$ cat query01.cif   # mmCIF, C-alpha atoms
data_run
loop_
_atom_site.label_atom_id
_atom_site.label_comp_id
_atom_site.auth_asym_id
_atom_site.auth_seq_id
_atom_site.Cartn_x
_atom_site.Cartn_y
_atom_site.Cartn_z
CA MET A 1 3.87 -56.74 -29.73
CA PRO A 2 4.56 -53.24 -28.42
CA ALA A 3 5.35 -52.75 -24.72
CA ARG A 4 2.48 -51.66 -22.57
CA ILE A 5 2.89 -48.50 -20.43
CA PRO A 6 1.87 -49.11 -16.82
CA SER A 7 -1.17 -47.20 -15.54
CA TRP A 8 0.84 -45.43 -12.81
CA ALA A 9 2.99 -43.83 -15.53
CA TRP A 10 -0.12 -42.54 -17.33
CA VAL A 11 -1.57 -41.13 -14.11
CA SER A 12 1.77 -39.48 -13.18
CA GLY A 13 2.12 -37.93 -16.64
CA LEU A 14 -1.42 -36.58 -16.64
CA THR A 15 -1.00 -35.19 -13.11
CA PHE A 16 2.27 -33.47 -14.06
CA GLY A 17 0.63 -31.97 -17.17
CA ALA A 18 -2.35 -30.70 -15.15
CA VAL A 19 -0.09 -29.07 -12.53
CA ALA A 20 1.97 -27.41 -15.28
CA ALA A 21 -1.17 -26.09 -17.00
CA VAL A 22 -2.52 -24.66 -13.73
CA ALA A 23 0.85 -22.97 -13.04
CA VAL A 24 0.87 -21.36 -16.50
CA LEU A 25 -2.71 -20.14 -16.07
CA ALA A 26 -1.90 -18.73 -12.61
CA VAL A 27 1.05 -16.74 -13.99
CA GLN A 28 -1.11 -15.39 -16.82
CA ALA A 29 -3.90 -14.44 -14.41
CA ASP A 30 -1.45 -12.63 -12.12
CA ALA A 31 -0.11 -10.60 -15.05
CA GLY A 32 -3.57 -9.54 -16.22
CA PRO A 33 -5.91 -6.80 -14.94
CA HIS A 34 -7.21 -7.15 -11.40
CA PRO A 35 -10.81 -6.13 -10.74
CA THR A 36 -11.54 -4.12 -7.63
CA ALA A 37 -14.70 -4.09 -5.55
CA ALA A 38 -16.77 -0.92 -5.41
CA GLY A 39 -16.98 -0.98 -1.63
CA GLU A 40 -14.95 -2.27 1.25
CA PRO A 41 -15.02 -6.07 1.48
CA LYS A 42 -16.69 -7.44 4.57
CA PRO A 43 -14.71 -10.11 6.36
CA SER A 44 -16.39 -13.48 6.51
CA ALA A 45 -16.45 -15.69 9.57
CA SER A 46 -14.07 -18.06 7.82
CA ALA A 47 -11.59 -15.34 6.83
CA SER A 48 -8.26 -15.68 8.53
CA ALA A 49 -7.37 -12.78 10.78
CA ARG A 50 -4.06 -11.49 9.43
CA PRO A 51 -2.67 -8.38 11.05
CA HIS A 52 -2.05 -5.50 8.67
CA PRO A 53 0.97 -3.37 9.47
CA LYS A 54 -0.11 0.13 10.46
CA PRO A 55 2.08 3.07 9.62
CA SER A 56 3.90 4.23 12.71
CA ALA A 57 2.72 7.50 14.15
CA PRO A 58 5.18 10.38 13.97
CA PRO A 59 6.90 11.24 17.25
CA ALA A 60 4.86 13.48 19.50
CA VAL A 61 5.80 17.09 20.10
CA PRO A 62 8.22 17.01 23.06
CA ALA A 63 6.74 17.77 26.46
CA GLY A 64 7.91 21.05 27.93
CA SER A 65 8.32 22.66 24.51
CA GLY A 66 5.88 25.47 25.22
CA ALA A 67 2.42 26.18 23.95
CA GLY A 68 0.88 27.84 20.92
CA ARG A 69 2.15 28.33 17.39
CA ARG A 70 5.88 27.57 17.27
CA VAL A 71 8.75 25.62 15.74
CA VAL A 72 10.18 22.93 18.03
CA TYR A 73 13.71 21.64 17.44
CA SER A 74 14.95 18.57 19.35
CA LEU A 75 18.73 18.39 19.61
CA GLY A 76 18.69 14.71 20.63
CA GLN A 77 16.20 13.54 18.00
CA HIS A 78 17.52 15.78 15.20
CA ARG A 79 13.87 16.54 14.47
CA VAL A 80 11.70 19.62 13.91
CA TRP A 81 7.97 20.05 14.50
CA LEU A 82 5.81 22.83 13.08
CA VAL A 83 3.13 23.32 15.74
CA ASP A 84 -0.09 25.28 15.23
CA ALA A 85 -1.91 27.50 17.76
CA SER A 86 -3.90 24.52 19.11
CA ASP A 87 -0.63 22.65 19.89
CA ALA A 88 -1.16 20.16 17.05
CA ALA A 89 1.88 19.16 15.00
CA LEU A 90 1.24 20.17 11.40
CA ARG A 91 4.46 18.56 10.19
CA THR A 92 7.55 16.88 11.61
CA PHE A 93 10.78 15.89 9.91
CA VAL A 94 14.38 14.86 10.54
CA VAL A 95 17.17 17.42 10.07
CA TRP A 96 20.96 17.38 9.74
CA PRO A 97 22.45 19.62 12.45
CA GLY A 98 25.67 21.58 12.12
CA THR A 99 28.63 21.11 14.46
CA VAL A 100 27.51 24.05 16.65
CA SER A 101 24.08 23.65 18.23
CA PRO A 102 21.91 26.27 19.92
CA ASP A 103 21.41 26.03 23.66
CA PRO A 104 17.99 24.81 24.84
CA GLY A 105 15.55 27.70 25.15
CA THR A 106 13.09 29.73 23.10
CA TYR A 107 14.23 32.17 20.41
CA PRO A 108 12.24 34.30 17.95
CA VAL A 109 12.89 34.00 14.22
CA SER A 110 15.09 37.06 13.80
CA ASN A 111 15.74 37.15 10.08
CA ARG A 112 15.04 35.27 6.86
CA ARG A 113 16.98 35.08 3.63
CA ASP A 114 15.83 33.61 0.32
CA ALA A 115 19.16 32.11 -0.76
CA THR A 116 22.93 32.25 -0.29
CA THR A 117 25.98 30.00 -0.22
CA GLY A 118 26.48 28.07 3.01
CA SER A 119 29.78 28.00 4.89
CA ASP A 120 30.31 24.55 3.34
CA GLY A 121 30.11 26.00 -0.19
CA VAL A 122 26.66 24.54 -0.89
CA GLU A 123 23.95 26.73 -2.45
CA ILE A 124 21.17 26.95 0.15
CA GLU A 125 17.71 28.52 0.30
CA HIS A 126 14.91 29.23 2.78
CA ILE A 127 17.29 30.38 5.50
CA VAL A 128 15.49 31.05 8.81
CA TYR A 129 17.78 32.59 11.47
CA PHE A 130 16.85 32.24 15.14
CA ALA A 131 19.93 32.05 17.42
CA ALA A 132 23.67 32.67 17.69
CA LYS A 133 26.45 30.79 19.45
CA SER A 134 30.24 30.86 19.32
CA GLY A 135 30.07 33.84 16.97
CA LEU A 136 27.95 31.91 14.45
CA SER A 137 24.36 32.56 13.37
CA ILE A 138 22.22 29.45 13.72
CA ALA A 139 19.59 28.92 11.05
CA PHE A 140 17.42 26.33 9.36
CA SER A 141 17.92 25.89 5.60
CA ASN A 142 17.85 23.40 2.77
CA ALA A 143 20.24 22.80 -0.10
CA VAL A 144 18.89 24.11 -3.40
CA ASP A 145 19.52 20.66 -4.94
CA GLY A 146 17.85 18.93 -1.96
CA ALA A 147 20.99 17.00 -0.96
CA SER A 148 22.08 16.29 2.59
CA PRO A 149 25.05 18.38 3.71
CA PRO A 150 28.57 17.05 3.24
CA ALA A 151 30.51 16.10 6.36
CA PRO A 152 32.41 19.20 7.52
CA ALA A 153 36.19 19.16 7.45
CA ALA A 154 37.78 18.29 10.79
CA GLY A 155 37.77 21.29 13.11
CA THR A 156 35.29 23.26 10.97
CA GLN A 157 32.37 24.84 12.80
CA THR A 158 29.04 24.92 11.00
CA SER A 159 25.77 26.22 12.41
CA GLY A 160 23.29 25.48 9.64
CA ILE A 161 20.52 23.00 10.38
CA ARG A 162 19.73 21.43 7.01
CA MET A 163 16.61 19.61 5.97
CA PRO A 164 15.13 18.03 2.83
CA LYS A 165 13.89 20.54 0.25
CA ALA A 166 10.14 19.98 0.77
CA ASP A 167 10.55 20.38 4.54
CA GLY A 168 12.62 23.54 4.01
CA THR A 169 9.81 25.01 1.92
CA ALA A 170 7.24 24.13 4.61
CA LEU A 171 9.36 25.66 7.38
CA TRP A 172 9.99 28.80 5.28
CA THR A 173 6.24 29.27 4.82
CA PHE A 174 5.48 28.62 8.50
CA ALA A 175 8.32 30.43 10.32
CA THR A 176 7.88 34.12 9.63
CA GLU A 177 9.86 36.73 11.60
CA GLY A 178 8.99 36.62 15.29
CA THR A 179 7.78 33.00 15.25
CA PRO A 180 9.09 31.28 18.41
CA VAL A 181 11.62 28.48 17.95
CA THR A 182 11.84 26.26 21.02
CA VAL A 183 15.03 24.19 21.29
CA VAL A 184 14.82 21.13 23.56
CA LYS A 185 17.32 18.48 24.50
#
$ encode --input "query01.cif" --output "structure tokens"
Amino acid sequence: MPARIPSWAWVSGLTFGAVAAVAVLAVQADAGPHPTAAGEPKPSASASARPHPKPSAPPAVPAGSGAGRRVVYSLGQHRVWLVDASDAALRTFVVWPGTVSPDPGTYPVSNRRDATTGSDGVEIEHIVYFAAKSGLSIAFSNAVDGASPPAPAAGTQTSGIRMPKADGTALWTFATEGTPVTVVK
């Protein structure tokens, strides 16, 4: 007479098989197309309230940076704002300053140059000159290849303020000759 399998073993085996089948179906469903609703879903009373991370707002234009259409450069934040005539920031971005920084104050864009080689040997473009210090011209620019500037050799003075390529293009378009550049701490 063959041995009889206890009922608990049958129930355990069937439960394990059902869980495995559901797991396989869940993986297949996740890999397939996902339908989307035509409108925004309305939360139900039973829906759990989960906070959704909100993108952080860009830093505000520094107080005391003037009024009207201008470029604002913060020495401490290593950040530039392109500000329109209504004092709204059109764009803001982080920059890589040189070893020589301009003094706080307001300067007009004095000259622009399409492209050249920077003092660090890097091909740069969209050069916007606005100040001078220690015998060096201070200007915004971006590397043609979009790279961040290399660390200068010890004791080397550099006055270029570099930025990512897309930001350099935006600044070049915005900062025509005579545009005020306000430098703040």
$ closest_residue --input "query01.cif" --among "A:Gly168, A:Pro152, A:Gly64, A:Pro180" --to "Ile127 (chain A)" --atoms "only C-alpha atoms"
A:Gly168
$ atom_distance --input "query01.cif" --atom1 "CA of Gly155 (chain A)" --atom2 "CA of Leu75 (chain A)"
20.3 Å
$ residues_around --input "query01.cif" --residues "region 129-134 of chain A" --least-positions-apart "3" --cutoff "12 Å" --atoms "only C-alpha atoms" --output "JSON, numbers by chain"
{"A": [71, 72, 73, 98, 99, 100, 101, 102, 103, 104, 105, 106, 107, 108, 109, 110, 111, 112, 113, 114, 125, 126, 137, 138, 139, 140, 141, 157, 158, 159, 160, 161, 171, 172, 175, 176, 177, 178, 179, 180, 181, 182, 183]}
$ resolve_selection --input "query01.cif" --expression "the PyMOL selection byres ((chain A and resi 78) around 9)" --output "PyMOL selection string"
chain A and resi 73-77+79-80+93-97
$ closest_residue --input "query01.cif" --among "A:Ala67, A:Val61, A:Ala153, A:Val144" --to "Ser119 (chain A)" --atoms "only C-alpha atoms"
A:Ala153
$ atom_distance --input "query01.cif" --atom1 "CA of Ala85 (chain A)" --atom2 "CA of Phe174 (chain A)"
11.9 Å
